[in-house]
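Novice: So here's entry_38.cif, just mmCIF, C-alpha atoms:
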```
data_upload
loop_
_atom_site.label_atom_id
_atom_site.label_comp_id
_atom_site.auth_asym_id
_atom_site.auth_seq_id
_atom_site.Cartn_x
_atom_site.Cartn_y
_atom_site.Cartn_z
CA MET M 1 103.25 101.63 88.38
CA LYS M 2 102.71 101.91 84.66
CA LEU M 3 103.92 98.39 83.74
CA LEU M 4 101.55 96.74 86.23
CA GLU M 5 98.58 98.86 85.10
CA GLU M 6 99.28 97.88 81.49
CA LYS M 7 99.31 94.17 82.43
CA ILE M 8 96.03 94.58 84.30
CA VAL M 9 94.39 96.25 81.30
CA GLU M 10 95.79 93.69 78.86
CA TYR M 11 95.22 90.47 80.83
CA GLY M 12 92.86 91.21 83.72
CA GLU M 13 89.37 89.71 83.60
CA VAL M 14 86.62 91.56 85.38
CA ILE M 15 83.99 89.29 86.91
CA GLY M 16 80.95 91.15 88.17
CA GLU M 17 81.80 94.51 89.70
CA SER M 18 84.33 93.45 92.29
CA VAL M 19 86.39 90.45 91.16
CA LEU M 20 89.53 91.11 89.12
CA LYS M 21 91.09 87.91 87.87
CA VAL M 22 94.80 88.21 87.10
CA ASP M 23 95.69 84.52 86.98
CA CYS M 24 97.67 85.08 83.82
CA PHE M 25 100.51 87.02 85.46
CA LEU M 26 99.95 87.34 89.22
CA ASN M 27 98.09 84.46 90.86
CA HIS M 28 98.63 81.27 88.90
CA GLN M 29 101.07 82.00 86.12
CA LEU M 30 103.63 84.42 87.54
CA ASP M 31 105.37 87.05 85.42
CA ILE M 32 108.69 87.04 87.27
CA GLU M 33 110.20 89.89 85.27
CA LEU M 34 107.23 92.03 86.30
CA PHE M 35 107.63 90.86 89.92
CA ASN M 36 111.29 91.87 89.76
CA GLU M 37 110.30 95.38 88.64
CA MET M 38 107.66 95.48 91.39
CA GLY M 39 110.36 94.49 93.89
CA LYS M 40 112.54 97.39 92.72
CA GLU M 41 109.60 99.76 93.08
CA PHE M 42 108.83 98.58 96.64
CA LYS M 43 112.51 99.13 97.46
CA ARG M 44 112.33 102.66 96.05
CA LEU M 45 109.13 103.44 97.99
CA PHE M 46 110.41 102.09 101.33
CA ASN M 47 114.06 102.92 100.84
CA GLU M 48 114.18 105.16 103.94
CA GLU M 49 112.88 102.41 106.22
CA LYS M 50 115.12 99.99 108.03
CA ILE M 51 113.51 96.68 107.12
CA THR M 52 114.69 93.36 108.58
CA LYS M 53 112.13 90.99 107.13
CA ILE M 54 109.31 90.78 104.61
CA LEU M 55 106.12 89.33 106.01
CA THR M 56 103.49 87.86 103.70
CA ILE M 57 100.81 85.18 103.58
CA GLU M 58 100.45 82.08 101.45
CA THR M 59 99.88 81.61 98.59
CA SER M 60 99.81 84.53 96.19
CA GLY M 61 101.92 86.87 98.31
CA ILE M 62 104.95 84.60 98.37
CA ALA M 63 106.55 85.11 94.97
CA ILE M 64 105.95 88.89 95.07
CA ALA M 65 107.53 89.01 98.53
CA ALA M 66 110.43 86.82 97.35
CA LEU M 67 111.39 89.12 94.50
CA ALA M 68 110.98 92.20 96.73
CA ALA M 69 113.18 90.56 99.39
CA LEU M 70 115.93 90.18 96.82
CA HIS M 71 116.08 93.99 96.51
CA PHE M 72 115.90 94.58 100.26
CA GLY M 73 118.47 91.84 101.02
CA VAL M 74 116.28 90.35 103.76
CA PRO M 75 114.46 87.03 104.28
CA VAL M 76 110.75 86.43 103.72
CA LEU M 77 108.49 85.03 106.41
CA PHE M 78 105.10 83.81 105.28
CA ALA M 79 102.10 83.14 107.48
CA LYS M 80 100.64 79.70 106.89
CA LYS M 81 96.98 79.20 106.15
CA ASN M 82 97.22 75.44 106.06
CA ALA M 83 99.83 74.52 108.63
CA GLY M 84 101.37 71.04 108.31
CA SER M 85 101.74 68.50 111.10
CA ASN M 86 105.30 69.54 111.89
CA MET M 87 104.69 73.26 112.43
CA GLY M 88 104.65 73.04 116.22
CA ALA M 89 102.46 74.92 118.70
CA ASP M 90 104.66 77.89 119.50
CA VAL M 91 102.98 80.24 117.05
CA TYR M 92 101.36 83.64 116.73
CA GLU M 93 97.89 83.36 115.22
CA ALA M 94 95.31 85.63 113.66
CA LYS M 95 91.97 85.12 111.98
CA VAL M 96 91.72 86.09 108.32
CA PHE M 97 88.67 85.90 106.11
CA SER M 98 89.13 85.08 102.43
CA TYR M 99 86.30 86.34 100.24
CA THR M 100 87.47 84.44 97.15
CA LYS M 101 87.34 81.18 99.11
CA ASN M 102 84.52 82.28 101.44
CA LYS M 103 86.39 80.77 104.34
CA GLU M 104 88.00 81.88 107.58
CA TYR M 105 91.62 80.87 108.14
CA ASN M 106 93.61 80.78 111.32
CA ILE M 107 96.93 82.03 109.97
CA LYS M 108 100.09 81.09 111.86
CA VAL M 109 103.68 82.25 112.18
CA CYS M 110 106.30 80.49 114.33
CA LYS M 111 107.30 82.71 117.25
CA LYS M 112 110.98 82.08 116.76
CA TYR M 113 111.09 83.85 113.38
CA ILE M 114 109.70 87.23 114.44
CA SER M 115 110.65 89.35 117.43
CA LYS M 116 110.77 92.88 118.78
CA GLU M 117 114.09 93.35 116.96
CA ASP M 118 112.23 93.13 113.65
CA SER M 119 110.91 95.88 111.48
CA VAL M 120 108.75 94.18 108.87
CA LEU M 121 107.42 95.20 105.50
CA ILE M 122 104.13 93.45 104.79
CA ILE M 123 103.64 92.50 101.15
CA ASP M 124 100.55 91.05 99.51
CA ASP M 125 99.11 90.64 96.02
CA PHE M 126 95.70 92.27 96.61
CA LEU M 127 94.23 94.77 99.00
CA ALA M 128 90.45 94.48 99.16
CA SER M 129 88.82 94.20 102.59
CA GLY M 130 92.24 94.30 104.22
CA SER M 131 91.57 91.18 106.31
CA ALA M 132 94.85 89.42 105.41
CA VAL M 133 97.01 92.50 106.02
CA LEU M 134 95.25 93.26 109.31
CA GLY M 135 95.95 89.67 110.41
CA LEU M 136 99.64 90.10 109.54
CA ILE M 137 99.80 93.42 111.43
CA GLN M 138 98.22 91.70 114.43
CA ILE M 139 100.88 88.96 114.31
CA ALA M 140 103.73 91.50 114.01
CA GLN M 141 102.32 93.45 116.95
CA ALA M 142 101.92 90.30 119.06
CA ALA M 143 105.63 89.66 118.46
CA GLY M 144 106.51 93.23 119.42
CA ALA M 145 107.90 93.83 115.92
CA SER M 146 107.36 97.17 114.24
CA VAL M 147 105.56 97.43 110.91
CA ALA M 148 107.49 99.66 108.52
CA GLY M 149 104.70 99.62 105.98
CA VAL M 150 102.44 97.65 103.69
CA GLY M 151 103.27 97.10 100.02
CA ILE M 152 100.45 95.91 97.78
CA ALA M 153 100.48 94.95 94.11
CA ILE M 154 96.82 95.73 93.30
CA GLU M 155 94.50 97.71 95.52
CA LYS M 156 90.77 97.83 94.90
CA SER M 157 90.11 101.24 96.40
CA PHE M 158 86.33 100.79 96.27
CA GLU M 159 86.61 98.21 99.05
CA ARG M 160 87.53 99.42 102.50
CA GLY M 161 90.93 97.85 103.14
CA ARG M 162 93.17 100.92 103.04
CA LYS M 163 91.10 102.83 105.58
CA ALA M 164 91.16 99.91 108.03
CA ILE M 165 94.94 99.58 107.75
CA GLU M 166 95.68 103.30 107.93
CA GLU M 167 93.60 103.46 111.11
CA THR M 168 96.25 101.24 112.72
CA GLY M 169 98.82 103.92 111.88
CA VAL M 170 100.55 101.89 109.18
CA ARG M 171 101.54 103.37 105.80
CA VAL M 172 100.14 101.66 102.68
CA GLU M 173 101.69 101.81 99.21
CA SER M 174 99.94 100.12 96.28
CA LEU M 175 101.55 99.75 92.87
CA ALA M 176 98.21 99.88 91.05
CA ILE M 177 94.99 101.28 92.48
CA VAL M 178 91.80 100.16 90.75
CA GLU M 179 89.11 102.71 91.43
CA SER M 180 86.25 101.13 89.56
CA MET M 181 85.45 98.11 87.38
CA LYS M 182 81.91 99.15 86.40
CA ASN M 183 80.72 97.68 83.07
CA SER M 184 83.98 95.69 82.95
CA GLN M 185 85.89 98.95 82.47
CA ILE M 186 88.93 99.16 84.71
CA SER M 187 89.82 102.66 85.83
CA PHE M 188 92.85 103.51 87.91
CA LYS M 189 93.34 106.21 90.49
CA MET V 1 125.58 72.51 96.50
CA LYS V 2 127.88 73.37 99.36
CA LEU V 3 125.95 76.43 100.61
CA LEU V 4 122.66 74.52 100.85
CA GLU V 5 124.30 71.55 102.61
CA GLU V 6 125.82 73.94 105.15
CA LYS V 7 122.41 75.50 105.84
CA ILE V 8 120.87 72.06 106.29
CA VAL V 9 123.56 71.06 108.79
CA GLU V 10 123.35 74.35 110.66
CA TYR V 11 119.57 74.83 110.78
CA GLY V 12 117.91 71.53 109.84
CA GLU V 13 116.02 69.65 112.54
CA VAL V 14 115.77 65.90 112.20
CA ILE V 15 112.51 64.46 113.51
CA GLY V 16 112.52 60.68 113.72
CA GLU V 17 114.41 59.06 110.87
CA SER V 18 112.64 60.57 107.92
CA VAL V 19 111.46 64.14 108.62
CA LEU V 20 113.88 66.99 107.97
CA LYS V 21 112.48 70.31 109.15
CA VAL V 22 114.02 73.31 107.40
CA ASP V 23 111.43 75.93 108.35
CA CYS V 24 114.18 78.35 109.23
CA PHE V 25 115.34 78.95 105.65
CA LEU V 26 113.26 76.94 103.17
CA ASN V 27 109.63 76.38 104.18
CA HIS V 28 108.43 79.15 106.45
CA GLN V 29 111.19 81.72 106.71
CA LEU V 30 112.81 81.92 103.28
CA ASP V 31 116.48 82.72 102.78
CA ILE V 32 116.13 84.60 99.50
CA GLU V 33 119.87 85.06 98.97
CA LEU V 34 120.23 81.29 99.20
CA PHE V 35 117.29 80.86 96.81
CA ASN V 36 118.99 83.22 94.38
CA GLU V 37 122.15 81.09 94.47
CA MET V 38 120.02 77.97 94.01
CA GLY V 39 118.39 79.62 91.01
CA LYS V 40 121.81 80.28 89.47
CA GLU V 41 122.77 76.65 90.06
CA PHE V 42 119.59 75.33 88.41
CA LYS V 43 120.35 77.58 85.45
CA ARG V 44 123.88 76.17 85.24
CA LEU V 45 122.61 72.58 85.45
CA PHE V 46 119.88 73.00 82.82
CA ASN V 47 121.63 75.59 80.70
CA GLU V 48 121.56 73.37 77.58
CA GLU V 49 117.79 72.92 77.74
CA LYS V 50 115.35 75.20 76.01
CA ILE V 51 112.96 75.99 78.86
CA THR V 52 109.81 78.06 78.36
CA LYS V 53 108.24 77.83 81.80
CA ILE V 54 108.94 76.68 85.33
CA LEU V 55 106.25 74.44 86.76
CA THR V 56 105.89 74.01 90.51
CA ILE V 57 103.28 73.35 93.19
CA GLU V 58 102.07 75.44 96.08
CA THR V 59 103.26 76.31 98.65
CA SER V 60 106.93 75.67 99.31
CA GLY V 61 107.97 75.31 95.69
CA ILE V 62 106.84 78.80 94.70
CA ALA V 63 109.62 81.04 96.00
CA ILE V 64 112.34 78.62 94.85
CA ALA V 65 110.74 78.50 91.41
CA ALA V 66 110.40 82.30 91.36
CA LEU V 67 114.09 82.92 91.96
CA ALA V 68 115.06 80.21 89.46
CA ALA V 69 112.71 81.75 86.88
CA LEU V 70 114.56 85.04 87.22
CA HIS V 71 117.72 83.34 85.93
CA PHE V 72 115.91 81.49 83.13
CA GLY V 73 113.94 84.58 82.10
CA VAL V 74 110.66 82.64 81.99
CA PRO V 75 107.38 82.71 83.94
CA VAL V 76 106.41 80.36 86.75
CA LEU V 77 103.23 78.32 86.68
CA PHE V 78 102.17 76.74 89.94
CA ALA V 79 99.70 73.94 90.41
CA LYS V 80 97.04 74.78 92.97
CA LYS V 81 96.27 72.46 95.85
CA ASN V 82 93.46 74.61 97.18
CA ALA V 83 91.82 76.15 94.16
CA GLY V 84 89.66 79.22 94.77
CA SER V 85 86.15 79.75 93.49
CA ASN V 86 87.27 81.69 90.42
CA MET V 87 89.71 79.12 89.01
CA GLY V 88 87.28 77.79 86.42
CA ALA V 89 86.78 74.22 85.24
CA ASP V 90 89.10 74.10 82.26
CA VAL V 91 92.00 72.52 84.12
CA TYR V 92 94.45 69.65 84.03
CA GLU V 93 94.35 67.66 87.26
CA ALA V 94 96.45 65.09 89.05
CA LYS V 95 96.29 63.38 92.42
CA VAL V 96 99.15 64.07 94.83
CA PHE V 97 99.61 62.63 98.28
CA SER V 98 101.25 64.81 100.94
CA TYR V 99 102.88 62.77 103.71
CA THR V 100 103.50 65.80 105.96
CA LYS V 101 99.80 66.64 105.85
CA ASN V 102 98.62 63.02 105.44
CA LYS V 103 96.17 64.15 102.81
CA GLU V 104 95.48 63.62 99.13
CA TYR V 105 95.17 66.72 96.97
CA ASN V 106 93.68 67.13 93.56
CA ILE V 107 96.20 69.57 92.08
CA LYS V 108 95.05 71.79 89.22
CA VAL V 109 96.59 73.84 86.45
CA CYS V 110 94.54 75.99 84.02
CA LYS V 111 94.76 74.53 80.52
CA LYS V 112 95.38 77.90 78.93
CA TYR V 113 98.77 78.32 80.61
CA ILE V 114 100.46 75.13 79.41
CA SER V 115 100.55 73.67 75.92
CA LYS V 116 102.50 71.46 73.55
CA GLU V 117 104.70 74.47 72.72
CA ASP V 118 106.07 74.38 76.27
CA SER V 119 109.20 72.75 77.59
CA VAL V 120 108.91 72.92 81.35
CA LEU V 121 111.41 72.63 84.16
CA ILE V 122 109.71 71.25 87.26
CA ILE V 123 111.02 72.72 90.53
CA ASP V 124 110.19 71.68 94.08
CA ASP V 125 111.61 72.07 97.56
CA PHE V 126 111.75 68.38 98.56
CA LEU V 127 111.94 65.07 96.77
CA ALA V 128 110.77 62.23 99.00
CA SER V 129 108.14 59.84 97.62
CA GLY V 130 108.03 61.81 94.39
CA SER V 131 104.24 62.12 94.46
CA ALA V 132 104.15 65.89 93.83
CA VAL V 133 106.66 65.76 90.96
CA LEU V 134 104.90 62.78 89.37
CA GLY V 135 101.62 64.75 89.52
CA LEU V 136 103.30 67.70 87.79
CA ILE V 137 104.80 65.43 85.10
CA GLN V 138 101.33 63.96 84.53
CA ILE V 139 99.89 67.46 84.07
CA ALA V 140 102.68 68.48 81.65
CA GLN V 141 102.13 65.29 79.65
CA ALA V 142 98.36 65.79 79.56
CA ALA V 143 99.05 69.23 78.03
CA GLY V 144 101.44 67.74 75.48
CA ALA V 145 104.30 69.80 76.94
CA SER V 146 107.76 68.32 77.21
CA VAL V 147 109.52 68.04 80.56
CA ALA V 148 113.10 69.28 80.29
CA GLY V 149 113.93 68.09 83.78
CA VAL V 150 113.25 68.22 87.48
CA GLY V 151 115.19 70.50 89.82
CA ILE V 152 114.95 69.78 93.55
CA ALA V 153 116.39 71.65 96.51
CA ILE V 154 116.64 68.73 98.96
CA GLU V 155 116.34 65.08 97.99
CA LYS V 156 115.95 62.36 100.60
CA SER V 157 117.56 59.55 98.66
CA PHE V 158 116.43 56.90 101.15
CA GLU V 159 112.85 57.39 99.95
CA ARG V 160 111.94 56.19 96.49
CA GLY V 161 111.13 59.39 94.62
CA ARG V 162 114.07 59.60 92.23
CA LYS V 163 113.58 56.08 90.92
CA ALA V 164 109.90 56.69 90.23
CA ILE V 165 110.66 59.89 88.31
CA GLU V 166 113.59 58.50 86.34
CA GLU V 167 111.37 55.62 85.25
CA THR V 168 109.29 58.20 83.36
CA GLY V 169 112.46 59.13 81.44
CA VAL V 170 112.87 62.53 83.10
CA ARG V 171 116.23 63.81 84.37
CA VAL V 172 116.43 64.77 88.07
CA GLU V 173 118.96 67.19 89.59
CA SER V 174 118.97 67.79 93.33
CA LEU V 175 121.07 70.50 94.97
CA ALA V 176 121.50 68.52 98.20
CA ILE V 177 121.01 64.78 98.56
CA VAL V 178 120.44 63.53 102.09
CA GLU V 179 121.41 59.87 102.25
CA SER V 180 120.65 59.17 105.87
CA MET V 181 119.41 60.90 109.02
CA LYS V 182 119.97 58.01 111.44
CA ASN V 183 120.54 59.08 115.06
CA SER V 184 119.82 62.67 113.96
CA GLN V 185 123.06 62.67 111.98
CA ILE V 186 122.58 64.08 108.49
CA SER V 187 124.84 62.56 105.87
CA PHE V 188 124.95 63.70 102.26
CA LYS V 189 125.63 61.72 99.12
#
```
Please render this file's structure as C-alpha cells.
Specialist:
Amino acid sequence: MKLLEEKIVEYGEVIGESVLKVDCFLNHQLDIELFNEMGKEFKRLFNEEKITKILTIETSGIAIAALAALHFGVPVLFAKKNAGSNMGADVYEAKVFSYTKNKEYNIKVCKKYISKEDSVLIIDDFLASGSAVLGLIQIAQAAGASVAGVGIAIEKSFERGRKAIEETGVRVESLAIVESMKNSQISFK
Amino acid sequence: MKLLEEKIVEYGEVIGESVLKVDCFLNHQLDIELFNEMGKEFKRLFNEEKITKILTIETSGIAIAALAALHFGVPVLFAKKNAGSNMGADVYEAKVFSYTKNKEYNIKVCKKYISKEDSVLIIDDFLASGSAVLGLIQIAQAAGASVAGVGIAIEKSFERGRKAIEETGVRVESLAIVESMKNSQISFK
C-alpha cells in the first residue's frame, strides 16, 4: 500500500537492523486517516470472505482493527495481555512472546465472545516472529472458529513470521512488506 | 445518548454497587458501529472547539478515541501504561491509579507529539474517580497544550471524578451518566 510505505519512509526510525519505530503514526500517535485507508484496503483484500469478527491483541492492534471493523461492519474482539480483576476465569489462553518488551504474556479472550459460528479476520500492526498472530490463531482454533485470514500493517519479511503462519494454512496479507533495513535504508518487497 | 444507555441496560453486568462490566461491547468485544455513533456525538458536542488531537490512555480508551478522531479529522495520541523498551526517555509522565487493577501506573507520552500548539480533546471509556483523566490533563498542561474538553462514554456520577476534573476548569461531557446501581438496578441521570 503506497500511502503506508510513504509514511514509513518519511517517519519510520530504524534502530539497529531489526527495529522499525513508527510511533509517530502507528504505535503511539495514530494517523486515523491512514488507518481508515488501511481498513478499506483490508476490506478490498478480504472482500470474498465471510467475516463475523475482527480479532486482535492489545495495544497497538486495537485502533487498526477498529477502523477495519468499520468497513467490514463487524465487532472487534481483542485479546488481553494484562487482564483486569473482573475478567473472569472462563477464557481461552495462549502464550505470546513480545520481543520489544522481552516478556512472555498469557493472552486471554473470554469464551463467550468467540465460537464455532465465527469466522475471524486477525489484524495486527506488525508481523515479525509471528508469535502474537500464532497465539490468536490458537485461541480461534480452541473456540472452533475459523480463521479467514491475517491482515498486517507492516511485515518485516526478514523475520520468520509469515512462514510460521502460512504453515497453519492461514492466508496472510500485509499492507507494507519491509525486506531489509540494512544501513538504516528501508527497502520494500 | 439513548443508544449507549440501551446497550448498558441490555448487556451491562452490575457487580456489587460500583462495578459496571461492559465487556460485551465496550472493553473487550467492541461494538464499532456504536463507537462510530459515539464519535459523531462527541463531534456534535465539541463542534465549536478547535481540536488538533485526541488524547487518551491505553487500553480501553483507544478504539473510542480512534472512531471519534475520524469525525474530528485529527490524530489520536495515547498515553502508555506499559511503555516498551524503545519508547525513549523524553516523555511527559503522570501517576494514575487503576481501581479495577488495584495498581498505580506511571503513564507516559512522548514530548515530541504534544506541544503548546495543541488543543486536545481527552477521551476515555469510563469516568469514575477521575484519576486517568486528571493524569492526562496534567500531561497536556506540562506540554503547554490547552484542553478543549473531556469526552467520556460512561460516567458513574456517584464517584467523584467529574467534580475533580471540573475543579481544573475543564468541561466534561459524558454520553451516559449512571447515577446508581443499587440492587443491580442501573439508573441514569
Novice: Run through the PyMOL selection byres ((chain V) within 6 of (chain M)) on the given coordinates and return the selected residues as an MDAnalysis selection string.
Specialist: chainID V and resid 28:32 63 66 75:78 84:85 101
Novice: Considering only C-alpha atoms, can you say which of V:Glu159, V:Phe126, V:Val14, V:Glu41 comes closest to V:Lys2?
Specialist: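 Of the candidates, the smallest distance to V:Lys2 is held by V:Glu41.
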Novice: Show which residues sit within 7 Å of stretch 172-189 of chain V, as a list of chain:residue names. Count all atoms listed in the file, and ignore same-chain residues fewer than 4 positions away.
Specialist: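 These residues fall inside the cut-off: V:Met1, V:Leu4, V:Glu5, V:Val14, V:Glu17, V:Ser18, V:Gly149, V:Val150, V:Gly151, V:Ile152, V:Ala153, V:Ile154, V:Glu155, V:Lys156, V:Ser157, V:Phe158.
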Novice: After superposing chain M onto chain V (least squares, all C-alpha atoms, pairing by order), export the transformed chain as a compact mmCIF listing (two decimals) with C-alpha atoms, in the coordinates of the input.
Specialist:
```
# COMPACT_ATOMS: atom_id res chain seq x y z
CA MET M 1 125.56 72.53 96.48
CA LYS M 2 127.85 73.36 99.35
CA LEU M 3 125.94 76.43 100.61
CA LEU M 4 122.66 74.51 100.85
CA GLU M 5 124.30 71.55 102.62
CA GLU M 6 125.83 73.94 105.15
CA LYS M 7 122.41 75.51 105.85
CA ILE M 8 120.88 72.06 106.29
CA VAL M 9 123.58 71.06 108.79
CA GLU M 10 123.35 74.36 110.66
CA TYR M 11 119.56 74.83 110.79
CA GLY M 12 117.90 71.54 109.84
CA GLU M 13 116.02 69.65 112.55
CA VAL M 14 115.78 65.91 112.21
CA ILE M 15 112.53 64.46 113.52
CA GLY M 16 112.54 60.68 113.72
CA GLU M 17 114.43 59.05 110.87
CA SER M 18 112.65 60.59 107.92
CA VAL M 19 111.45 64.14 108.63
CA LEU M 20 113.88 66.99 107.98
CA LYS M 21 112.49 70.30 109.15
CA VAL M 22 114.01 73.31 107.40
CA ASP M 23 111.42 75.93 108.33
CA CYS M 24 114.17 78.36 109.21
CA PHE M 25 115.35 78.95 105.64
CA LEU M 26 113.25 76.95 103.16
CA ASN M 27 109.63 76.37 104.16
CA HIS M 28 108.44 79.14 106.44
CA GLN M 29 111.19 81.70 106.71
CA LEU M 30 112.81 81.92 103.28
CA ASP M 31 116.49 82.72 102.78
CA ILE M 32 116.14 84.60 99.50
CA GLU M 33 119.87 85.06 98.98
CA LEU M 34 120.25 81.29 99.20
CA PHE M 35 117.29 80.84 96.81
CA ASN M 36 118.99 83.22 94.38
CA GLU M 37 122.15 81.08 94.46
CA MET M 38 120.01 77.96 94.02
CA GLY M 39 118.37 79.62 91.00
CA LYS M 40 121.80 80.26 89.47
CA GLU M 41 122.76 76.64 90.06
CA PHE M 42 119.57 75.32 88.41
CA LYS M 43 120.34 77.58 85.45
CA ARG M 44 123.87 76.17 85.24
CA LEU M 45 122.61 72.57 85.46
CA PHE M 46 119.88 73.00 82.81
CA ASN M 47 121.63 75.59 80.70
CA GLU M 48 121.57 73.38 77.57
CA GLU M 49 117.79 72.92 77.74
CA LYS M 50 115.36 75.21 76.02
CA ILE M 51 112.97 76.00 78.86
CA THR M 52 109.80 78.06 78.36
CA LYS M 53 108.24 77.83 81.79
CA ILE M 54 108.93 76.69 85.34
CA LEU M 55 106.26 74.44 86.77
CA THR M 56 105.89 74.01 90.52
CA ILE M 57 103.28 73.35 93.19
CA GLU M 58 102.06 75.45 96.08
CA THR M 59 103.26 76.32 98.64
CA SER M 60 106.92 75.67 99.31
CA GLY M 61 107.96 75.32 95.67
CA ILE M 62 106.85 78.80 94.69
CA ALA M 63 109.61 81.05 95.98
CA ILE M 64 112.34 78.62 94.85
CA ALA M 65 110.75 78.49 91.40
CA ALA M 66 110.40 82.29 91.35
CA LEU M 67 114.08 82.93 91.96
CA ALA M 68 115.06 80.21 89.46
CA ALA M 69 112.72 81.75 86.87
CA LEU M 70 114.56 85.04 87.22
CA HIS M 71 117.73 83.32 85.93
CA PHE M 72 115.93 81.48 83.14
CA GLY M 73 113.94 84.59 82.10
CA VAL M 74 110.67 82.63 81.99
CA PRO M 75 107.38 82.72 83.93
CA VAL M 76 106.41 80.36 86.75
CA LEU M 77 103.23 78.32 86.68
CA PHE M 78 102.19 76.74 89.95
CA ALA M 79 99.69 73.93 90.40
CA LYS M 80 97.05 74.78 92.97
CA LYS M 81 96.27 72.47 95.85
CA ASN M 82 93.46 74.61 97.18
CA ALA M 83 91.82 76.14 94.14
CA GLY M 84 89.66 79.23 94.76
CA SER M 85 86.13 79.77 93.49
CA ASN M 86 87.27 81.70 90.43
CA MET M 87 89.70 79.13 89.02
CA GLY M 88 87.28 77.79 86.41
CA ALA M 89 86.78 74.21 85.23
CA ASP M 90 89.10 74.10 82.25
CA VAL M 91 91.99 72.52 84.12
CA TYR M 92 94.45 69.65 84.04
CA GLU M 93 94.34 67.67 87.27
CA ALA M 94 96.44 65.09 89.07
CA LYS M 95 96.28 63.39 92.43
CA VAL M 96 99.14 64.07 94.83
CA PHE M 97 99.61 62.63 98.29
CA SER M 98 101.25 64.78 100.95
CA TYR M 99 102.89 62.77 103.72
CA THR M 100 103.50 65.80 105.95
CA LYS M 101 99.79 66.63 105.84
CA ASN M 102 98.63 63.01 105.43
CA LYS M 103 96.17 64.15 102.82
CA GLU M 104 95.48 63.62 99.13
CA TYR M 105 95.18 66.73 96.97
CA ASN M 106 93.68 67.13 93.55
CA ILE M 107 96.20 69.56 92.09
CA LYS M 108 95.06 71.78 89.22
CA VAL M 109 96.58 73.85 86.44
CA CYS M 110 94.54 75.98 84.01
CA LYS M 111 94.76 74.53 80.50
CA LYS M 112 95.39 77.88 78.91
CA TYR M 113 98.78 78.33 80.60
CA ILE M 114 100.46 75.13 79.41
CA SER M 115 100.55 73.67 75.92
CA LYS M 116 102.52 71.45 73.56
CA GLU M 117 104.70 74.47 72.73
CA ASP M 118 106.07 74.37 76.27
CA SER M 119 109.18 72.76 77.58
CA VAL M 120 108.92 72.93 81.36
CA LEU M 121 111.40 72.64 84.17
CA ILE M 122 109.73 71.25 87.28
CA ILE M 123 111.03 72.72 90.52
CA ASP M 124 110.18 71.68 94.06
CA ASP M 125 111.60 72.07 97.56
CA PHE M 126 111.74 68.38 98.55
CA LEU M 127 111.94 65.07 96.78
CA ALA M 128 110.77 62.23 99.00
CA SER M 129 108.16 59.83 97.62
CA GLY M 130 108.04 61.82 94.39
CA SER M 131 104.24 62.11 94.46
CA ALA M 132 104.15 65.89 93.82
CA VAL M 133 106.66 65.76 90.96
CA LEU M 134 104.91 62.78 89.36
CA GLY M 135 101.63 64.74 89.50
CA LEU M 136 103.31 67.71 87.78
CA ILE M 137 104.80 65.43 85.10
CA GLN M 138 101.34 63.96 84.53
CA ILE M 139 99.89 67.46 84.07
CA ALA M 140 102.68 68.49 81.65
CA GLN M 141 102.13 65.30 79.65
CA ALA M 142 98.36 65.81 79.55
CA ALA M 143 99.05 69.24 78.03
CA GLY M 144 101.45 67.74 75.49
CA ALA M 145 104.29 69.82 76.95
CA SER M 146 107.75 68.32 77.22
CA VAL M 147 109.52 68.04 80.57
CA ALA M 148 113.09 69.29 80.31
CA GLY M 149 113.93 68.10 83.79
CA VAL M 150 113.25 68.21 87.49
CA GLY M 151 115.18 70.50 89.83
CA ILE M 152 114.94 69.76 93.55
CA ALA M 153 116.37 71.65 96.51
CA ILE M 154 116.63 68.72 98.96
CA GLU M 155 116.33 65.08 98.01
CA LYS M 156 115.95 62.36 100.61
CA SER M 157 117.56 59.55 98.65
CA PHE M 158 116.43 56.90 101.15
CA GLU M 159 112.86 57.40 99.96
CA ARG M 160 111.96 56.20 96.50
CA GLY M 161 111.13 59.40 94.62
CA ARG M 162 114.08 59.60 92.22
CA LYS M 163 113.59 56.08 90.91
CA ALA M 164 109.89 56.70 90.21
CA ILE M 165 110.66 59.90 88.30
CA GLU M 166 113.60 58.51 86.35
CA GLU M 167 111.37 55.62 85.24
CA THR M 168 109.30 58.21 83.36
CA GLY M 169 112.45 59.14 81.44
CA VAL M 170 112.86 62.53 83.10
CA ARG M 171 116.23 63.80 84.38
CA VAL M 172 116.43 64.76 88.08
CA GLU M 173 118.95 67.18 89.59
CA SER M 174 118.98 67.78 93.35
CA LEU M 175 121.07 70.49 94.97
CA ALA M 176 121.49 68.52 98.20
CA ILE M 177 121.00 64.78 98.56
CA VAL M 178 120.44 63.52 102.10
CA GLU M 179 121.41 59.89 102.25
CA SER M 180 120.64 59.18 105.87
CA MET M 181 119.41 60.91 109.03
CA LYS M 182 120.00 58.01 111.43
CA ASN M 183 120.56 59.08 115.07
CA SER M 184 119.82 62.66 113.97
CA GLN M 185 123.06 62.66 111.97
CA ILE M 186 122.59 64.07 108.49
CA SER M 187 124.84 62.55 105.85
CA PHE M 188 124.95 63.69 102.26
CA LYS M 189 125.63 61.73 99.12
```
Novice: Do you have the atom CA of M:Gly169-atom CA of M:Asp125 distance handy?
Specialist: 20.7 Å
Novice: Calculate how many Å separate atom CA of M:Ile123 from atom CA of M:Ile51, rounding to one decimal.
Specialist: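 So the two atoms, atom CA of M:Ile123 and atom CA of M:Ile51, lie 12.3 Å apart.
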Novice: Can you measure atom CA of M:Lys95 to atom CA of M:Ala142 for me? One decimal in Å is fine.
Specialist: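 Atom-to-atom, atom CA of M:Lys95 to atom CA of M:Ala142, that is 13.3 Å.
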Novice: Excluding M:Ser119 and residues on its chain fewer than 2 positions from it, collect all residues at most 9 Å away from it, counting all atoms listed in the file, and give them as number ranges by chain.
Specialist: M: 49-54, 115-117, 121, 140, 145-148
Novice: V:Val96, V:Val9, V:Leu45, V:Val91: which is nearest V:Val133, counting all atoms listed in the file?
Specialist: V:Val96
